[in-house]
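Dumped target-v7.txt below, it's compact mmCIF, N, CA and C atoms:
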# COMPACT_ATOMS: atom_id res chain seq x y z
N ASN A 1451 26.12 18.73 7.85
CA ASN A 1451 24.68 18.80 7.69
C ASN A 1451 24.29 20.26 7.61
N GLN A 1452 23.93 20.71 6.44
CA GLN A 1452 23.56 22.10 6.23
C GLN A 1452 22.09 22.36 6.57
N GLY A 1453 21.36 21.31 6.94
CA GLY A 1453 19.94 21.45 7.24
C GLY A 1453 19.66 21.87 8.66
N THR A 1454 18.39 21.99 8.96
CA THR A 1454 17.95 22.40 10.29
C THR A 1454 17.48 21.22 11.12
N GLN A 1455 17.58 20.01 10.59
CA GLN A 1455 17.19 18.80 11.31
C GLN A 1455 18.36 17.82 11.34
N SER A 1456 18.35 16.95 12.32
CA SER A 1456 19.38 15.92 12.41
C SER A 1456 19.26 14.95 11.24
N ALA A 1457 20.37 14.37 10.86
CA ALA A 1457 20.39 13.37 9.79
C ALA A 1457 20.68 12.00 10.39
N ALA A 1458 20.08 10.98 9.84
CA ALA A 1458 20.32 9.62 10.28
C ALA A 1458 21.72 9.19 9.87
N GLY A 1459 22.15 8.03 10.36
CA GLY A 1459 23.44 7.49 9.95
C GLY A 1459 23.48 7.30 8.44
N PHE A 1460 24.66 7.29 7.89
CA PHE A 1460 24.78 7.19 6.44
C PHE A 1460 26.02 6.40 6.05
N LYS A 1461 26.00 5.89 4.83
CA LYS A 1461 27.13 5.18 4.27
C LYS A 1461 27.87 6.09 3.32
N TYR A 1462 29.12 5.74 3.03
CA TYR A 1462 29.89 6.46 2.03
C TYR A 1462 30.73 5.47 1.24
N GLU A 1463 31.18 5.90 0.08
CA GLU A 1463 32.05 5.07 -0.74
C GLU A 1463 33.05 5.95 -1.47
N VAL A 1464 34.17 5.35 -1.81
CA VAL A 1464 35.20 6.02 -2.61
C VAL A 1464 35.35 5.20 -3.88
N ARG A 1465 35.25 5.89 -5.02
CA ARG A 1465 35.35 5.23 -6.33
C ARG A 1465 36.44 5.90 -7.17
N LEU A 1466 37.00 5.14 -8.08
CA LEU A 1466 38.01 5.63 -9.01
C LEU A 1466 37.38 5.73 -10.39
N SER A 1467 37.55 6.88 -11.03
CA SER A 1467 36.92 7.13 -12.32
C SER A 1467 37.89 7.78 -13.29
N THR A 1468 37.61 7.63 -14.55
CA THR A 1468 38.40 8.30 -15.58
C THR A 1468 37.83 9.68 -15.90
N ASN A 1469 36.69 10.02 -15.30
CA ASN A 1469 36.07 11.33 -15.52
C ASN A 1469 35.42 11.82 -14.23
N THR A 1470 34.89 13.02 -14.26
CA THR A 1470 34.32 13.62 -13.05
C THR A 1470 32.88 13.19 -12.80
N ALA A 1471 32.31 12.37 -13.65
CA ALA A 1471 30.94 11.88 -13.47
C ALA A 1471 31.01 10.57 -12.67
N ILE A 1472 31.26 10.69 -11.37
CA ILE A 1472 31.41 9.51 -10.52
C ILE A 1472 30.07 8.79 -10.42
N SER A 1473 30.09 7.48 -10.70
CA SER A 1473 28.84 6.71 -10.68
C SER A 1473 29.09 5.32 -10.12
N ALA A 1474 28.02 4.57 -9.96
CA ALA A 1474 28.10 3.21 -9.43
C ALA A 1474 28.86 2.27 -10.36
N SER A 1475 29.07 2.65 -11.61
CA SER A 1475 29.81 1.80 -12.53
C SER A 1475 31.33 1.99 -12.41
N ASP A 1476 31.77 3.02 -11.68
CA ASP A 1476 33.20 3.24 -11.49
C ASP A 1476 33.75 2.26 -10.46
N LEU A 1477 35.06 2.07 -10.48
CA LEU A 1477 35.73 1.09 -9.61
C LEU A 1477 35.56 1.47 -8.14
N LEU A 1478 34.95 0.59 -7.36
CA LEU A 1478 34.76 0.80 -5.92
C LEU A 1478 36.05 0.48 -5.19
N LEU A 1479 36.57 1.44 -4.43
CA LEU A 1479 37.83 1.25 -3.69
C LEU A 1479 37.59 0.94 -2.22
N THR A 1480 36.60 1.59 -1.61
CA THR A 1480 36.30 1.32 -0.21
C THR A 1480 34.93 1.87 0.14
N THR A 1481 34.38 1.38 1.23
CA THR A 1481 33.10 1.86 1.75
C THR A 1481 33.23 2.06 3.25
N GLY A 1482 32.28 2.76 3.82
CA GLY A 1482 32.25 2.95 5.26
C GLY A 1482 30.92 3.52 5.68
N SER A 1483 30.79 3.81 6.96
CA SER A 1483 29.55 4.39 7.46
C SER A 1483 29.85 5.32 8.63
N LYS A 1484 28.92 6.21 8.87
CA LYS A 1484 29.00 7.16 9.98
C LYS A 1484 27.67 7.17 10.71
N THR A 1485 27.72 7.50 11.98
CA THR A 1485 26.49 7.62 12.75
C THR A 1485 25.79 8.92 12.39
N GLY A 1486 24.66 9.18 12.99
CA GLY A 1486 23.88 10.38 12.69
C GLY A 1486 24.66 11.67 12.85
N LEU A 1487 24.06 12.72 12.33
CA LEU A 1487 24.72 14.03 12.32
C LEU A 1487 23.70 15.08 12.74
N SER A 1488 24.04 15.87 13.73
CA SER A 1488 23.12 16.89 14.21
C SER A 1488 22.96 18.02 13.19
N ALA A 1489 21.88 18.78 13.33
CA ALA A 1489 21.64 19.91 12.43
C ALA A 1489 22.82 20.87 12.50
N GLY A 1490 23.33 21.26 11.35
CA GLY A 1490 24.47 22.16 11.29
C GLY A 1490 25.79 21.52 11.67
N GLY A 1491 25.76 20.22 11.95
CA GLY A 1491 26.96 19.53 12.42
C GLY A 1491 27.90 19.13 11.31
N LEU A 1492 29.12 18.84 11.70
CA LEU A 1492 30.17 18.38 10.79
C LEU A 1492 30.69 17.04 11.26
N VAL A 1493 31.20 16.27 10.34
CA VAL A 1493 31.85 15.01 10.68
C VAL A 1493 33.10 14.90 9.81
N SER A 1494 34.14 14.35 10.37
CA SER A 1494 35.34 14.14 9.57
C SER A 1494 35.69 12.66 9.59
N ALA A 1495 36.39 12.25 8.59
CA ALA A 1495 36.80 10.86 8.49
C ALA A 1495 38.08 10.79 7.68
N SER A 1496 38.82 9.75 7.90
CA SER A 1496 39.99 9.51 7.06
C SER A 1496 40.02 8.03 6.74
N THR A 1497 40.50 7.74 5.58
CA THR A 1497 40.60 6.35 5.15
C THR A 1497 41.74 6.23 4.14
N TYR A 1498 42.25 5.06 4.02
CA TYR A 1498 43.26 4.78 3.02
C TYR A 1498 42.62 3.98 1.91
N VAL A 1499 42.99 4.27 0.70
CA VAL A 1499 42.53 3.48 -0.43
C VAL A 1499 43.74 2.95 -1.17
N LYS A 1500 43.60 1.76 -1.67
CA LYS A 1500 44.68 1.14 -2.44
C LYS A 1500 44.22 1.04 -3.89
N ILE A 1501 45.00 1.62 -4.78
CA ILE A 1501 44.70 1.53 -6.20
C ILE A 1501 45.19 0.16 -6.68
N PRO A 1502 44.31 -0.63 -7.27
CA PRO A 1502 44.74 -1.96 -7.74
C PRO A 1502 45.86 -1.86 -8.77
N THR A 1503 46.73 -2.84 -8.78
CA THR A 1503 47.85 -2.85 -9.72
C THR A 1503 47.39 -3.00 -11.17
N THR A 1504 46.14 -3.40 -11.37
CA THR A 1504 45.60 -3.54 -12.72
C THR A 1504 45.22 -2.19 -13.35
N VAL A 1505 45.20 -1.13 -12.55
CA VAL A 1505 44.87 0.21 -13.06
C VAL A 1505 46.09 0.75 -13.80
N LYS A 1506 45.87 1.15 -15.04
CA LYS A 1506 46.97 1.67 -15.87
C LYS A 1506 47.36 3.08 -15.42
N PRO A 1507 48.62 3.46 -15.62
CA PRO A 1507 49.04 4.82 -15.29
C PRO A 1507 48.20 5.84 -16.06
N GLY A 1508 47.97 6.98 -15.43
CA GLY A 1508 47.22 8.04 -16.09
C GLY A 1508 46.52 8.94 -15.10
N LYS A 1509 45.70 9.82 -15.63
CA LYS A 1509 44.94 10.76 -14.81
C LYS A 1509 43.58 10.17 -14.49
N TYR A 1510 43.22 10.25 -13.21
CA TYR A 1510 41.96 9.70 -12.73
C TYR A 1510 41.32 10.68 -11.74
N TYR A 1511 40.16 10.28 -11.24
CA TYR A 1511 39.45 11.05 -10.22
C TYR A 1511 39.00 10.11 -9.13
N LEU A 1512 39.27 10.51 -7.88
CA LEU A 1512 38.71 9.82 -6.73
C LEU A 1512 37.40 10.53 -6.40
N GLY A 1513 36.35 9.76 -6.30
CA GLY A 1513 35.06 10.34 -5.97
C GLY A 1513 34.58 9.82 -4.63
N LEU A 1514 34.34 10.72 -3.69
CA LEU A 1514 33.76 10.38 -2.39
C LEU A 1514 32.27 10.63 -2.49
N ARG A 1515 31.49 9.56 -2.40
CA ARG A 1515 30.03 9.67 -2.49
C ARG A 1515 29.44 9.40 -1.11
N ILE A 1516 28.69 10.37 -0.60
CA ILE A 1516 28.00 10.24 0.68
C ILE A 1516 26.58 9.79 0.40
N ASP A 1517 26.10 8.82 1.15
CA ASP A 1517 24.74 8.30 0.99
C ASP A 1517 24.48 7.94 -0.48
N PRO A 1518 25.31 7.06 -1.07
CA PRO A 1518 25.19 6.77 -2.50
C PRO A 1518 23.85 6.15 -2.90
N ALA A 1519 23.16 5.48 -1.98
CA ALA A 1519 21.86 4.87 -2.30
C ALA A 1519 20.70 5.81 -2.00
N ASN A 1520 21.01 7.04 -1.56
CA ASN A 1520 19.98 8.05 -1.22
C ASN A 1520 18.97 7.53 -0.20
N THR A 1521 19.48 6.89 0.86
CA THR A 1521 18.58 6.39 1.89
C THR A 1521 18.24 7.44 2.95
N VAL A 1522 19.07 8.48 3.06
CA VAL A 1522 18.81 9.56 4.01
C VAL A 1522 17.97 10.62 3.31
N LYS A 1523 16.82 10.93 3.91
CA LYS A 1523 15.93 11.94 3.32
C LYS A 1523 16.59 13.31 3.43
N GLU A 1524 16.67 14.00 2.29
CA GLU A 1524 17.28 15.33 2.24
C GLU A 1524 16.45 16.24 1.34
N SER A 1525 16.53 17.52 1.59
CA SER A 1525 15.85 18.46 0.72
C SER A 1525 16.66 18.73 -0.54
N PHE A 1526 17.97 18.45 -0.49
CA PHE A 1526 18.84 18.66 -1.65
C PHE A 1526 19.80 17.48 -1.73
N GLU A 1527 19.63 16.63 -2.72
CA GLU A 1527 20.40 15.39 -2.84
C GLU A 1527 21.69 15.53 -3.66
N PHE A 1528 21.95 16.69 -4.23
CA PHE A 1528 23.01 16.80 -5.22
C PHE A 1528 24.32 17.36 -4.69
N ASN A 1529 24.47 17.42 -3.38
CA ASN A 1529 25.72 17.94 -2.80
C ASN A 1529 26.45 16.87 -2.00
N ASN A 1530 26.25 15.62 -2.35
CA ASN A 1530 26.81 14.51 -1.58
C ASN A 1530 28.04 13.88 -2.23
N ILE A 1531 28.79 14.66 -2.97
CA ILE A 1531 29.95 14.11 -3.65
C ILE A 1531 31.11 15.11 -3.62
N ALA A 1532 32.30 14.57 -3.48
CA ALA A 1532 33.52 15.38 -3.60
C ALA A 1532 34.44 14.64 -4.56
N ILE A 1533 35.09 15.38 -5.44
CA ILE A 1533 35.91 14.78 -6.48
C ILE A 1533 37.34 15.33 -6.38
N PHE A 1534 38.30 14.41 -6.42
CA PHE A 1534 39.71 14.78 -6.28
C PHE A 1534 40.51 14.22 -7.45
N PRO A 1535 41.18 15.07 -8.23
CA PRO A 1535 42.00 14.56 -9.33
C PRO A 1535 43.27 13.91 -8.79
N ILE A 1536 43.65 12.79 -9.39
CA ILE A 1536 44.89 12.11 -9.00
C ILE A 1536 45.61 11.63 -10.26
N THR A 1537 46.87 11.31 -10.12
CA THR A 1537 47.63 10.70 -11.21
C THR A 1537 48.20 9.37 -10.70
N VAL A 1538 47.94 8.33 -11.44
CA VAL A 1538 48.47 7.00 -11.11
C VAL A 1538 49.76 6.83 -11.90
N VAL A 1539 50.83 6.49 -11.18
CA VAL A 1539 52.12 6.24 -11.81
C VAL A 1539 52.59 4.84 -11.42
N LYS A 1540 53.47 4.29 -12.21
CA LYS A 1540 54.03 2.96 -11.88
C LYS A 1540 55.52 3.00 -11.95
In structure tokens, write the structure found in this file.
Amino acid sequence: NQGTQSAAGFKYEVRLSTNTAISASDLLLTTGSKTGLSAGGLVSASTYVKIPTTVKPGKYYLGLRIDPANTVKESFEFNNIAIFPITVVK
């Protein structure tokens, strides 16, 4: 939380995409939630995702979207995503 006020609890999701424009139309791999976050606070999480066997080999992107429905009021909504390149092999 880079702000000066506490943030309410929030949801997150991990999606698989063929490009860096992670959106709600990309394949949803998992979801979760976290409790509130104090001003200036940090939170860490770990999760496992399973790539479905129907996904063809190739280069993809895992997108971690925080507060994907924008339910938490923020002064800047555009820093809630992290993107990680991956390669799917079979």
Distance criterion (only C-alpha atoms): nearest to Pro1502 in chain A out of A:Leu1514, A:Ala1489, A:Val1538, A:Ile1472:
A:Val1538
Report the residues of range 1463-1539 of chain A whose backbone DSSP state falls under strand (DSSP E or B), written as an MDAnalysis selection string.
chainID A and resid 1463:1467 1477:1484 1487 1508:1516 1531:1538
Taking 4 positions as the minimum chain separation for residues in the same chain, which residues sit within 7 Å of Lys1484 in chain A when counting only C-alpha atoms? Answer as number ranges by chain.
A: 1459-1461
Can you work out the spacing between CA of Thr1468 in chain A and CA of Gly1513 in chain A in Å, to one decimal?
10.4 Å
Check the smallest atom-to-atom distance from each of A:Ser1473, A:Leu1512, A:Asp1517, A:Leu1487 to Pro1535 in chain A using all atoms listed in the file, then report the winner.
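Closest candidate: A:Leu1512.
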Point out the residue among A:Arg1515, A:Tyr1462, A:Gln1455, A:Tyr1510 with the least atom-to-atom distance to Ser1483 in chain A, counting only N, CA and C atoms.
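Of all the options, A:Tyr1462 lies closest to Ser1483 in chain A.
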Given 8 Å on each side, where is the centre and what are the edge lengths in Å to one decimal of the axis-aligned box enclosing the listed atoms of range 1498-1512 of chain A, as JSON?
{"center_x": 43.2, "center_y": 3.8, "center_z": -6.0, "size_x": 27.6, "size_y": 30.6, "size_z": 36.1}
